[in-house]
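**Student:** Provided herewith: target-v4.pdb, PDB, C-alpha atoms.
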```pdb
ATOM      1  CA  MET U  18     156.687  28.822 147.480
ATOM      2  CA  LYS U  19     157.056  26.657 150.571
ATOM      3  CA  THR U  20     155.887  29.590 152.682
ATOM      4  CA  TYR U  21     152.510  29.445 150.914
ATOM      5  CA  LEU U  22     152.229  25.732 151.708
ATOM      6  CA  TYR U  23     152.966  26.519 155.352
ATOM      7  CA  ILE U  24     150.272  29.209 155.358
ATOM      8  CA  LEU U  25     147.797  26.800 153.746
ATOM      9  CA  VAL U  26     148.463  24.119 156.381
ATOM     10  CA  MET U  27     148.161  26.709 159.176
ATOM     11  CA  ALA U  28     144.862  28.002 157.756
ATOM     12  CA  LEU U  29     143.334  24.555 157.189
ATOM     13  CA  THR U  30     144.318  23.261 160.620
ATOM     14  CA  THR U  31     142.957  26.344 162.367
ATOM     15  CA  TYR U  32     139.721  26.156 160.390
ATOM     16  CA  LEU U  33     139.183  22.487 161.243
ATOM     17  CA  ILE U  34     139.737  23.196 164.951
ATOM     18  CA  ARG U  35     137.080  25.903 164.821
ATOM     19  CA  VAL U  36     134.538  24.289 162.544
ATOM     20  CA  LEU U  37     134.442  20.630 163.618
ATOM     21  CA  PRO U  38     132.609  21.329 166.899
ATOM     22  CA  LEU U  39     130.007  23.388 164.997
ATOM     23  CA  THR U  40     129.387  20.824 162.252
ATOM     24  CA  LEU U  41     130.210  17.196 163.019
ATOM     25  CA  ILE U  42     130.460  17.117 166.796
ATOM     26  CA  ARG U  43     127.781  19.599 167.933
ATOM     27  CA  LYS U  44     127.991  18.435 171.541
ATOM     28  CA  PRO U  45     129.556  19.852 174.680
ATOM     29  CA  ILE U  46     132.714  18.036 175.791
ATOM     30  CA  LYS U  47     131.773  15.666 178.601
ATOM     31  CA  SER U  48     135.209  14.518 179.714
ATOM     32  CA  ARG U  49     136.353  16.586 182.650
ATOM     33  CA  PHE U  50     139.981  15.790 181.811
ATOM     34  CA  ILE U  51     139.737  17.065 178.224
ATOM     35  CA  ARG U  52     137.855  20.207 179.278
ATOM     36  CA  SER U  53     140.482  20.945 181.919
ATOM     37  CA  PHE U  54     143.316  20.148 179.516
ATOM     38  CA  LEU U  55     141.958  22.521 176.854
ATOM     39  CA  TYR U  56     141.428  25.170 179.518
ATOM     40  CA  TYR U  57     145.064  25.055 180.692
ATOM     41  CA  VAL U  58     146.653  24.725 177.236
ATOM     42  CA  PRO U  59     146.588  28.396 176.101
ATOM     43  CA  TYR U  60     148.209  29.693 179.293
ATOM     44  CA  VAL U  61     150.984  27.134 179.135
ATOM     45  CA  THR U  62     151.601  27.676 175.404
ATOM     46  CA  LEU U  63     151.800  31.447 175.756
ATOM     47  CA  ALA U  64     154.130  31.147 178.760
ATOM     48  CA  VAL U  65     156.391  28.710 176.908
ATOM     49  CA  MET U  66     156.421  30.857 173.763
ATOM     50  CA  THR U  67     157.174  34.066 175.694
ATOM     51  CA  PHE U  68     160.180  32.956 177.723
ATOM     52  CA  PRO U  69     163.058  32.740 176.874
ATOM     53  CA  ALA U  70     162.038  34.017 173.400
ATOM     54  CA  ILE U  71     161.624  37.574 174.739
ATOM     55  CA  MET U  72     165.241  37.425 175.900
ATOM     56  CA  ASP U  73     166.507  36.258 172.513
ATOM     57  CA  ALA U  74     164.447  38.867 170.616
ATOM     58  CA  THR U  75     166.505  41.759 171.943
ATOM     59  CA  ASN U  76     170.183  42.559 171.356
ATOM     60  CA  SER U  77     171.023  42.334 175.031
ATOM     61  CA  PRO U  78     169.265  39.535 176.960
ATOM     62  CA  ILE U  79     169.122  41.848 179.998
ATOM     63  CA  ALA U  80     166.782  44.238 178.146
ATOM     64  CA  GLY U  81     164.479  41.309 177.401
ATOM     65  CA  ILE U  82     164.487  40.094 180.996
ATOM     66  CA  VAL U  83     163.788  43.557 182.429
ATOM     67  CA  SER U  84     160.869  44.063 180.044
ATOM     68  CA  LEU U  85     159.562  40.589 180.934
ATOM     69  CA  ILE U  86     159.617  41.374 184.657
ATOM     70  CA  ALA U  87     158.082  44.813 184.108
ATOM     71  CA  GLY U  88     155.363  43.282 181.918
ATOM     72  CA  ILE U  89     154.513  40.646 184.535
ATOM     73  CA  LEU U  90     154.340  43.233 187.329
ATOM     74  CA  LEU U  91     152.198  45.643 185.300
ATOM     75  CA  ALA U  92     149.765  42.913 184.270
ATOM     76  CA  TRP U  93     149.677  41.577 187.832
ATOM     77  CA  PHE U  94     148.596  44.981 189.118
ATOM     78  CA  GLY U  95     145.866  45.328 186.536
ATOM     79  CA  ALA U  96     147.346  47.092 183.483
ATOM     80  CA  GLY U  97     145.652  46.130 180.210
ATOM     81  CA  LEU U  98     146.932  44.657 176.965
ATOM     82  CA  PHE U  99     148.248  47.860 175.409
ATOM     83  CA  PRO U 100     149.825  49.567 178.409
ATOM     84  CA  VAL U 101     151.744  46.352 179.094
ATOM     85  CA  ALA U 102     152.856  45.950 175.474
ATOM     86  CA  VAL U 103     153.875  49.601 175.106
ATOM     87  CA  CYS U 104     155.865  49.582 178.375
ATOM     88  CA  CYS U 105     157.725  46.424 177.306
ATOM     89  CA  CYS U 106     158.681  48.128 174.010
ATOM     90  CA  VAL U 107     159.758  51.392 175.652
ATOM     91  CA  ILE U 108     161.920  49.557 178.192
ATOM     92  CA  VAL U 109     163.726  47.597 175.483
ATOM     93  CA  PHE U 110     164.170  50.717 173.350
ATOM     94  CA  LEU U 111     165.625  52.772 176.219
ATOM     95  CA  MET U 112     167.848  49.997 177.563
ATOM     96  CA  GLU U 113     169.349  49.256 174.161
ATOM     97  CA  LEU U 114     169.902  52.983 173.675
ATOM     98  CA  LEU U 115     171.588  53.492 177.031
ATOM     99  CA  PHE U 116     173.640  50.344 177.558
TER
ATOM    100  CA  MET B   4     118.432  40.815 152.333
ATOM    101  CA  LYS B   5     115.354  41.237 154.522
ATOM    102  CA  ALA B   6     115.084  44.332 156.710
ATOM    103  CA  ALA B   7     115.420  42.325 159.920
ATOM    104  CA  GLU B   8     118.540  40.606 158.610
ATOM    105  CA  LYS B   9     120.030  43.889 157.526
ATOM    106  CA  ARG B  10     119.453  45.245 161.024
ATOM    107  CA  GLN B  11     121.194  42.222 162.527
ATOM    108  CA  TYR B  12     124.116  42.614 160.122
ATOM    109  CA  LEU B  13     124.545  46.295 160.966
ATOM    110  CA  LYS B  14     124.256  45.538 164.689
ATOM    111  CA  GLY B  15     127.044  42.990 164.292
ATOM    112  CA  MET B  16     129.183  45.482 162.411
ATOM    113  CA  ARG B  17     128.729  48.076 165.138
ATOM    114  CA  ASP B  18     129.731  45.557 167.820
ATOM    115  CA  GLY B  19     132.788  44.722 165.736
ATOM    116  CA  ILE B  20     134.214  48.266 165.646
ATOM    117  CA  PRO B  21     136.020  48.267 169.018
ATOM    118  CA  ILE B  22     137.289  44.732 168.367
ATOM    119  CA  ALA B  23     138.618  45.817 164.957
ATOM    120  CA  LEU B  24     140.588  48.679 166.522
ATOM    121  CA  GLY B  25     142.162  46.397 169.106
ATOM    122  CA  TYR B  26     142.943  43.790 166.467
ATOM    123  CA  PHE B  27     144.660  46.377 164.302
ATOM    124  CA  ALA B  28     147.165  47.158 167.051
ATOM    125  CA  VAL B  29     147.826  43.522 167.986
ATOM    126  CA  ALA B  30     148.170  42.581 164.310
ATOM    127  CA  PHE B  31     150.709  45.365 163.846
ATOM    128  CA  SER B  32     153.051  43.755 166.385
ATOM    129  CA  LEU B  33     152.292  40.368 164.831
ATOM    130  CA  GLY B  34     153.362  41.888 161.498
ATOM    131  CA  ILE B  35     156.708  42.865 163.026
ATOM    132  CA  MET B  36     157.217  39.201 163.983
ATOM    133  CA  ALA B  37     156.117  38.099 160.515
ATOM    134  CA  LYS B  38     158.696  40.451 159.004
ATOM    135  CA  LEU B  39     161.424  39.042 161.274
ATOM    136  CA  SER B  40     160.385  35.527 160.131
ATOM    137  CA  GLY B  41     160.875  36.555 156.509
ATOM    138  CA  LEU B  42     157.258  36.911 155.328
ATOM    139  CA  THR B  43     156.340  39.369 152.575
ATOM    140  CA  PRO B  44     153.418  41.784 153.136
ATOM    141  CA  PHE B  45     151.203  39.650 150.884
ATOM    142  CA  GLN B  46     152.095  36.437 152.755
ATOM    143  CA  GLY B  47     151.303  38.209 156.023
ATOM    144  CA  PHE B  48     147.996  39.405 154.637
ATOM    145  CA  LEU B  49     147.116  35.896 153.496
ATOM    146  CA  SER B  50     148.000  34.396 156.896
ATOM    147  CA  SER B  51     145.957  36.930 158.798
ATOM    148  CA  VAL B  52     142.911  36.936 156.562
ATOM    149  CA  LEU B  53     142.770  33.114 156.602
ATOM    150  CA  VAL B  54     143.825  32.357 160.167
ATOM    151  CA  ASN B  55     142.821  35.186 162.524
ATOM    152  CA  ALA B  56     144.699  33.998 165.598
ATOM    153  CA  SER B  57     147.507  35.828 167.405
ATOM    154  CA  ALA B  58     149.173  32.929 169.215
ATOM    155  CA  GLY B  59     148.450  30.567 166.329
ATOM    156  CA  GLU B  60     149.989  32.847 163.715
ATOM    157  CA  TYR B  61     152.974  33.706 165.879
ATOM    158  CA  ALA B  62     153.615  29.992 166.411
ATOM    159  CA  GLY B  63     153.199  29.449 162.665
ATOM    160  CA  PHE B  64     155.712  32.181 161.842
ATOM    161  CA  VAL B  65     158.230  30.496 164.137
ATOM    162  CA  VAL B  66     157.746  27.254 162.188
ATOM    163  CA  ILE B  67     158.187  29.116 158.882
ATOM    164  CA  ALA B  68     161.352  30.855 160.136
ATOM    165  CA  GLU B  69     162.819  27.547 161.299
ATOM    166  CA  ASN B  70     161.508  25.724 158.210
ATOM    167  CA  SER B  71     160.738  22.723 160.396
ATOM    168  CA  GLY B  72     158.278  20.874 158.167
ATOM    169  CA  LEU B  73     154.591  20.971 157.259
ATOM    170  CA  TYR B  74     153.587  18.333 159.837
ATOM    171  CA  MET B  75     155.218  20.584 162.427
ATOM    172  CA  MET B  76     153.063  23.462 161.258
ATOM    173  CA  ALA B  77     149.946  21.338 161.754
ATOM    174  CA  LEU B  78     151.038  20.229 165.243
ATOM    175  CA  MET B  79     152.037  23.750 166.327
ATOM    176  CA  THR B  80     148.743  25.151 165.086
ATOM    177  CA  ILE B  81     146.775  22.506 166.970
ATOM    178  CA  VAL B  82     148.584  23.306 170.211
ATOM    179  CA  ALA B  83     148.541  27.095 169.846
ATOM    180  CA  SER B  84     144.878  27.212 168.779
ATOM    181  CA  ALA B  85     143.470  24.292 170.779
ATOM    182  CA  ARG B  86     141.415  26.672 172.883
ATOM    183  CA  TYR B  87     139.207  27.499 169.886
ATOM    184  CA  PHE B  88     138.035  23.890 169.961
ATOM    185  CA  LEU B  89     136.723  24.433 173.466
ATOM    186  CA  MET B  90     135.081  27.704 172.417
ATOM    187  CA  SER B  91     133.450  26.215 169.330
ATOM    188  CA  CYS B  92     132.099  23.334 171.416
ATOM    189  CA  ALA B  93     130.500  25.842 173.775
ATOM    190  CA  LEU B  94     129.313  27.965 170.844
ATOM    191  CA  SER B  95     127.676  24.947 169.196
ATOM    192  CA  GLN B  96     125.182  24.963 172.064
ATOM    193  CA  HIS B  97     124.266  28.560 171.224
ATOM    194  CA  ILE B  98     123.447  27.881 167.584
ATOM    195  CA  ALA B  99     119.859  26.931 166.676
ATOM    196  CA  PRO B 100     119.746  23.160 166.020
ATOM    197  CA  ASP B 101     118.150  23.667 162.567
ATOM    198  CA  THR B 102     120.878  26.078 161.385
ATOM    199  CA  LYS B 103     121.986  25.236 157.827
ATOM    200  CA  MET B 104     125.373  23.648 157.230
ATOM    201  CA  ILE B 105     126.640  26.600 155.162
ATOM    202  CA  HIS B 106     126.020  28.930 158.111
ATOM    203  CA  ARG B 107     127.826  26.565 160.469
ATOM    204  CA  LEU B 108     130.782  26.457 158.085
ATOM    205  CA  LEU B 109     130.901  30.256 157.877
ATOM    206  CA  ILE B 110     130.402  30.979 161.591
ATOM    207  CA  GLY B 111     133.281  28.583 162.283
ATOM    208  CA  PHE B 112     135.643  30.678 160.182
ATOM    209  CA  ASP B 113     136.329  33.299 162.805
ATOM    210  CA  VAL B 114     135.803  31.936 166.304
ATOM    211  CA  THR B 115     138.359  34.026 168.234
ATOM    212  CA  ASP B 116     138.437  34.832 171.944
ATOM    213  CA  GLU B 117     136.706  38.166 171.331
ATOM    214  CA  MET B 118     134.087  36.954 168.826
ATOM    215  CA  PHE B 119     133.273  34.034 171.087
ATOM    216  CA  GLY B 120     132.900  36.367 174.056
ATOM    217  CA  VAL B 121     130.529  38.680 172.195
ATOM    218  CA  MET B 122     128.401  35.915 170.625
ATOM    219  CA  ILE B 123     128.091  33.862 173.794
ATOM    220  CA  GLY B 124     127.234  36.975 175.808
ATOM    221  CA  ARG B 125     124.120  37.770 173.748
ATOM    222  CA  PRO B 126     120.783  36.293 174.751
ATOM    223  CA  GLY B 127     119.319  33.466 172.665
ATOM    224  CA  TYR B 128     120.776  31.628 169.683
ATOM    225  CA  VAL B 129     123.477  33.255 167.558
ATOM    226  CA  ASN B 130     122.033  34.783 164.386
ATOM    227  CA  PRO B 131     124.396  33.874 161.513
ATOM    228  CA  VAL B 132     123.848  37.248 159.826
ATOM    229  CA  TYR B 133     124.802  39.012 163.053
ATOM    230  CA  ALA B 134     127.980  36.913 163.197
ATOM    231  CA  TYR B 135     128.946  37.895 159.631
ATOM    232  CA  GLY B 136     128.506  41.578 160.450
ATOM    233  CA  LEU B 137     130.543  41.102 163.614
ATOM    234  CA  TYR B 138     133.376  39.375 161.736
ATOM    235  CA  LEU B 139     133.764  41.894 158.898
ATOM    236  CA  LEU B 140     135.620  44.848 160.424
ATOM    237  CA  PRO B 141     137.848  42.849 162.810
ATOM    238  CA  ILE B 142     139.056  40.703 159.870
ATOM    239  CA  ILE B 143     139.871  43.876 157.922
ATOM    240  CA  GLY B 144     141.609  45.415 160.964
ATOM    241  CA  TRP B 145     143.527  42.229 161.642
ATOM    242  CA  SER B 146     144.830  41.701 158.113
ATOM    243  CA  SER B 147     145.597  45.370 157.385
ATOM    244  CA  GLY B 148     147.399  45.675 160.732
ATOM    245  CA  THR B 149     149.585  42.696 159.849
ATOM    246  CA  VAL B 150     150.476  44.193 156.469
ATOM    247  CA  LEU B 151     151.309  47.554 158.027
ATOM    248  CA  GLY B 152     153.490  45.842 160.645
ATOM    249  CA  ILE B 153     155.465  44.009 157.975
ATOM    250  CA  VAL B 154     155.899  47.142 155.878
ATOM    251  CA  SER B 155     156.922  49.201 158.941
ATOM    252  CA  GLY B 156     159.378  46.480 159.879
ATOM    253  CA  SER B 157     161.231  47.168 156.642
ATOM    254  CA  ILE B 158     161.116  50.972 156.968
ATOM    255  CA  LEU B 159     161.747  51.687 160.651
ATOM    256  CA  PRO B 160     165.303  51.694 162.077
ATOM    257  CA  ALA B 161     166.549  48.417 163.567
ATOM    258  CA  SER B 162     166.495  49.753 167.142
ATOM    259  CA  VAL B 163     162.770  50.548 166.870
ATOM    260  CA  VAL B 164     161.925  47.220 165.210
ATOM    261  CA  ASN B 165     163.852  45.440 167.965
ATOM    262  CA  ALA B 166     161.853  47.254 170.624
ATOM    263  CA  LEU B 167     158.544  46.637 168.817
ATOM    264  CA  SER B 168     159.330  42.929 168.548
ATOM    265  CA  VAL B 169     158.666  42.507 172.282
ATOM    266  CA  ALA B 170     155.165  44.060 172.005
ATOM    267  CA  LEU B 171     153.601  40.706 171.205
ATOM    268  CA  TYR B 172     155.279  39.089 174.218
ATOM    269  CA  GLY B 173     153.932  41.954 176.352
ATOM    270  CA  MET B 174     150.449  41.185 175.095
ATOM    271  CA  PHE B 175     150.907  37.487 175.816
ATOM    272  CA  LEU B 176     151.886  38.435 179.376
ATOM    273  CA  ALA B 177     148.786  40.608 179.726
ATOM    274  CA  ILE B 178     146.693  37.580 178.725
ATOM    275  CA  ILE B 179     148.250  34.994 181.056
ATOM    276  CA  VAL B 180     149.055  37.019 184.185
ATOM    277  CA  PRO B 181     145.540  38.099 185.338
ATOM    278  CA  PRO B 182     144.103  34.526 185.373
ATOM    279  CA  ALA B 183     147.355  33.311 186.970
ATOM    280  CA  ARG B 184     146.796  35.814 189.741
ATOM    281  CA  LYS B 185     143.282  34.518 190.376
ATOM    282  CA  ASP B 186     143.917  30.786 189.973
ATOM    283  CA  ARG B 187     146.850  29.109 191.687
ATOM    284  CA  VAL B 188     146.853  26.168 189.294
ATOM    285  CA  VAL B 189     147.159  28.507 186.300
ATOM    286  CA  LEU B 190     149.909  30.355 188.171
ATOM    287  CA  GLY B 191     151.723  27.057 188.701
ATOM    288  CA  THR B 192     151.447  26.068 185.034
ATOM    289  CA  VAL B 193     152.745  29.484 183.926
ATOM    290  CA  ILE B 194     155.743  29.382 186.280
ATOM    291  CA  LEU B 195     156.489  25.791 185.271
ATOM    292  CA  GLY B 196     156.125  26.834 181.624
ATOM    293  CA  PHE B 197     158.642  29.669 182.003
ATOM    294  CA  GLY B 198     161.110  27.512 183.932
ATOM    295  CA  LEU B 199     161.007  24.395 181.770
ATOM    296  CA  SER B 200     160.977  26.428 178.568
ATOM    297  CA  PHE B 201     164.174  28.136 179.676
ATOM    298  CA  ALA B 202     165.738  24.853 180.766
ATOM    299  CA  PHE B 203     164.774  23.161 177.476
ATOM    300  CA  SER B 204     166.348  25.973 175.464
ATOM    301  CA  ARG B 205     169.682  25.679 177.277
ATOM    302  CA  LEU B 206     170.122  21.995 178.235
ATOM    303  CA  PRO B 207     172.020  19.595 175.974
ATOM    304  CA  VAL B 208     169.997  17.285 173.674
ATOM    305  CA  VAL B 209     166.602  19.009 174.166
ATOM    306  CA  SER B 210     167.990  22.389 173.097
ATOM    307  CA  GLY B 211     168.718  20.737 169.753
ATOM    308  CA  LEU B 212     164.964  20.372 169.176
ATOM    309  CA  SER B 213     163.239  23.159 167.259
ATOM    310  CA  SER B 214     161.479  25.689 169.461
ATOM    311  CA  GLY B 215     158.201  24.476 167.959
ATOM    312  CA  THR B 216     158.799  20.907 169.146
ATOM    313  CA  ARG B 217     159.757  22.158 172.595
ATOM    314  CA  THR B 218     156.579  24.236 172.784
ATOM    315  CA  ILE B 219     154.423  21.252 171.841
ATOM    316  CA  ILE B 220     156.082  18.835 174.276
ATOM    317  CA  LEU B 221     156.007  21.269 177.198
ATOM    318  CA  THR B 222     152.414  22.346 176.576
ATOM    319  CA  VAL B 223     151.081  18.803 176.370
ATOM    320  CA  VAL B 224     153.034  17.640 179.436
ATOM    321  CA  ILE B 225     152.320  20.636 181.701
ATOM    322  CA  ALA B 226     148.654  21.122 180.712
ATOM    323  CA  GLY B 227     148.156  17.346 180.855
ATOM    324  CA  LEU B 228     149.577  17.117 184.367
ATOM    325  CA  ALA B 229     147.514  20.098 185.512
ATOM    326  CA  ALA B 230     144.333  18.567 184.082
ATOM    327  CA  LEU B 231     145.134  15.226 185.702
ATOM    328  CA  LEU B 232     146.020  16.601 189.139
ATOM    329  CA  PHE B 233     143.686  19.613 189.226
ATOM    330  CA  PRO B 234     140.655  18.908 187.009
ATOM    331  CA  ARG B 235     138.345  21.913 186.867
ATOM    332  CA  LYS B 236     134.805  21.901 188.186
ATOM    333  CA  GLU B 237     132.003  21.851 185.619
ATOM    334  CA  GLU B 238     130.904  25.468 185.819
ATOM    335  CA  GLU B 239     134.422  26.910 185.770
ATOM    336  CA  ALA B 240     135.514  25.094 182.647
ATOM    337  CA  ASP B 241     133.051  26.667 180.243
ATOM    338  CA  ALA B 242     135.275  29.249 178.592
TER
END
```
How does this structure look as structure tokens?
**Tutor:**
Amino acid sequence: MKTYLYILVMALTTYLIRVLPLTLIRKPIKSRFIRSFLYYVPYVTLAVMTFPAIMDATNSPIAGIVSLIAGILLAWFGAGLFPVAVCCCVIVFLMELLF
Amino acid sequence: MKAAEKRQYLKGMRDGIPIALGYFAVAFSLGIMAKLSGLTPFQGFLSSVLVNASAGEYAGFVVIAENSGLYMMALMTIVASARYFLMSCALSQHIAPDTKMIHRLLIGFDVTDEMFGVMIGRPGYVNPVYAYGLYLLPIIGWSSGTVLGIVSGSILPASVVNALSVALYGMFLAIIVPPARKDRVVLGTVILGFGLSFAFSRLPVVSGLSSGTRTIILTVVIAGLAALLFPRKEEEADA
């Protein structure tokens, strides 16, 4: 039951974030600080949520770290969303099979 | 529905097809995470059909798994989905000023990175009917992908589920690395994020905090410092 409450709170909060600027605010954000802050937030959040979580998601932390490094390198040299994701999975699968 | 509106709706639907396919795959890996957090297929469906946000839902599933309180869910959602606020602000300038409230409320339902990109990239004001057509298939792809991920998570062997559970992190990497390569400030925030996140998870006292709390604190501090020290120029900050 509590899970449904969690989902409700998640849905309402997300909706308010999306809809307030279209209904009540209706203006571009003037503050350079807030614009910059909101610009940087997603990158920081995703970085923080990815590491060390990727290491704790796998049975051996080493498999997680190797797939993290491989993922960073692939994305750095231009691989897209799916190639990166698939490679990370394959690396973890093989490493946990072999070691 | 008038003929012109029908045309707009169908045009939106057509533009939504490639997005729906991509969403299906991302949602599948999100479903694996949902399964690992203990959600049933129906709960996953409900989350995805109502929320439509990869980072936001992942963060939410972490809160559910840790059972860290409803206020925590609200805070985590705000942090993980804050960027939609920026997008909706920009989008509000691309909606005709006389647009009815009901249309504003409905367009706001599914402002995602991809929808925003498509709507903002079209000339002129956003036609609400076009937006509804655009939203339809991606929402179906997103929610069905989540359900399939959760179901697969219960069927597939543990070794495969383990491997699939890093898919979402791989996708997160593919989102943050290219801009980090282009922009040294973003690169700095990402490296600092990795380093401090690791330190926070291992150091005494702070490692006792839930991972949600750590994510919120680190995001606000690092993004706040970056915005203070390296504010972006007007034209760069638009999306």
**Student:** In Å, rounded to a single decimal, give me how far CA of Ala229 (chain B) is from CA of Val65 (chain B).
**Tutor:**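 Atom-to-atom, CA of Val65 (chain B) to CA of Ala229 (chain B), that is 26.1 Å.
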**Student:** Taking all atoms listed in the file into account, report as a ChimeraX atom specification which residues of chain U lie within 6 Å of chain B.
**Tutor:** /U:24,28,34-36,38-39,43,45,50,53-55,57-58,60-62,64-65,67-69,88,92-93,98,101-102,105-106,109-110
**Student:** Work out how far CA of Ala30 (chain B) is from CA of Ser146 (chain B), in Å to one decimal.
**Tutor:** 7.1 Å
**Student:** Do you have the CA of Ile20 (chain B)-CA of Leu137 (chain B) distance handy?
**Tutor:**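 Pair CA of Ile20 (chain B) / CA of Leu137 (chain B) returns 8.3 Å.
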**Student:** When you look at Ile22 (chain B) with a cut-off of 12 Å (counting all atoms listed in the file), what residues show up, excluding the ones that are within fewer than 2 positions of it in the same chain? I need them as a short mmCIF file (atom, residue, chain, number, x, y, z; two decimals) with C-alpha atoms, in the frame of the given file.
**Tutor:**
```cif
data_model
loop_
_atom_site.label_atom_id
_atom_site.label_comp_id
_atom_site.auth_asym_id
_atom_site.auth_seq_id
_atom_site.Cartn_x
_atom_site.Cartn_y
_atom_site.Cartn_z
CA GLY B 15 127.04 42.99 164.29
CA MET B 16 129.18 45.48 162.41
CA ARG B 17 128.73 48.08 165.14
CA ASP B 18 129.73 45.56 167.82
CA GLY B 19 132.79 44.72 165.74
CA ILE B 20 134.21 48.27 165.65
CA LEU B 24 140.59 48.68 166.52
CA GLY B 25 142.16 46.40 169.11
CA TYR B 26 142.94 43.79 166.47
CA PHE B 27 144.66 46.38 164.30
CA ALA B 28 147.16 47.16 167.05
CA VAL B 29 147.83 43.52 167.99
CA ALA B 30 148.17 42.58 164.31
CA THR B 115 138.36 34.03 168.23
CA ASP B 116 138.44 34.83 171.94
CA GLU B 117 136.71 38.17 171.33
CA MET B 118 134.09 36.95 168.83
CA PHE B 119 133.27 34.03 171.09
CA GLY B 120 132.90 36.37 174.06
CA VAL B 121 130.53 38.68 172.20
CA LEU B 137 130.54 41.10 163.61
CA TYR B 138 133.38 39.38 161.74
CA LEU B 139 133.76 41.89 158.90
CA LEU B 140 135.62 44.85 160.42
CA PRO B 141 137.85 42.85 162.81
CA ILE B 142 139.06 40.70 159.87
CA ILE B 143 139.87 43.88 157.92
CA GLY B 144 141.61 45.42 160.96
CA TRP B 145 143.53 42.23 161.64
#
```
**Student:** What would the selection look like, as a ChimeraX atom specification, if the PyMOL selection byres ((chain B and resi 156-158) around 8) were run on the coordinates I just shared?
**Tutor:** /B:34-35,38-39,152-155,159-160,164
**Student:** Of the candidates B:Ser40, B:Gln11, B:Thr216, B:Ser147, which one gets nearest to Ala74 (chain U) if we count all atoms listed in the file?
**Tutor:** B:Ser40
**Student:** Taking the file as shown, what set of residues would the PyMOL selection byres ((chain B and resi 128) around 8) give back, as a PyMOL selection string?
**Tutor:** chain B and resi 97-99+126-127+129-130
**Student:** Need the axis-aligned box for region 53-56 of chain B with 4 Å each side, so what are the centre and edges in Å to one decimal, as AutoDock Vina command-line options?
**Tutor:**
```
--center_x 143.7 --center_y 33.8 --center_z 161.1 --size_x 9.9 --size_y 10.8 --size_z 17.0
```
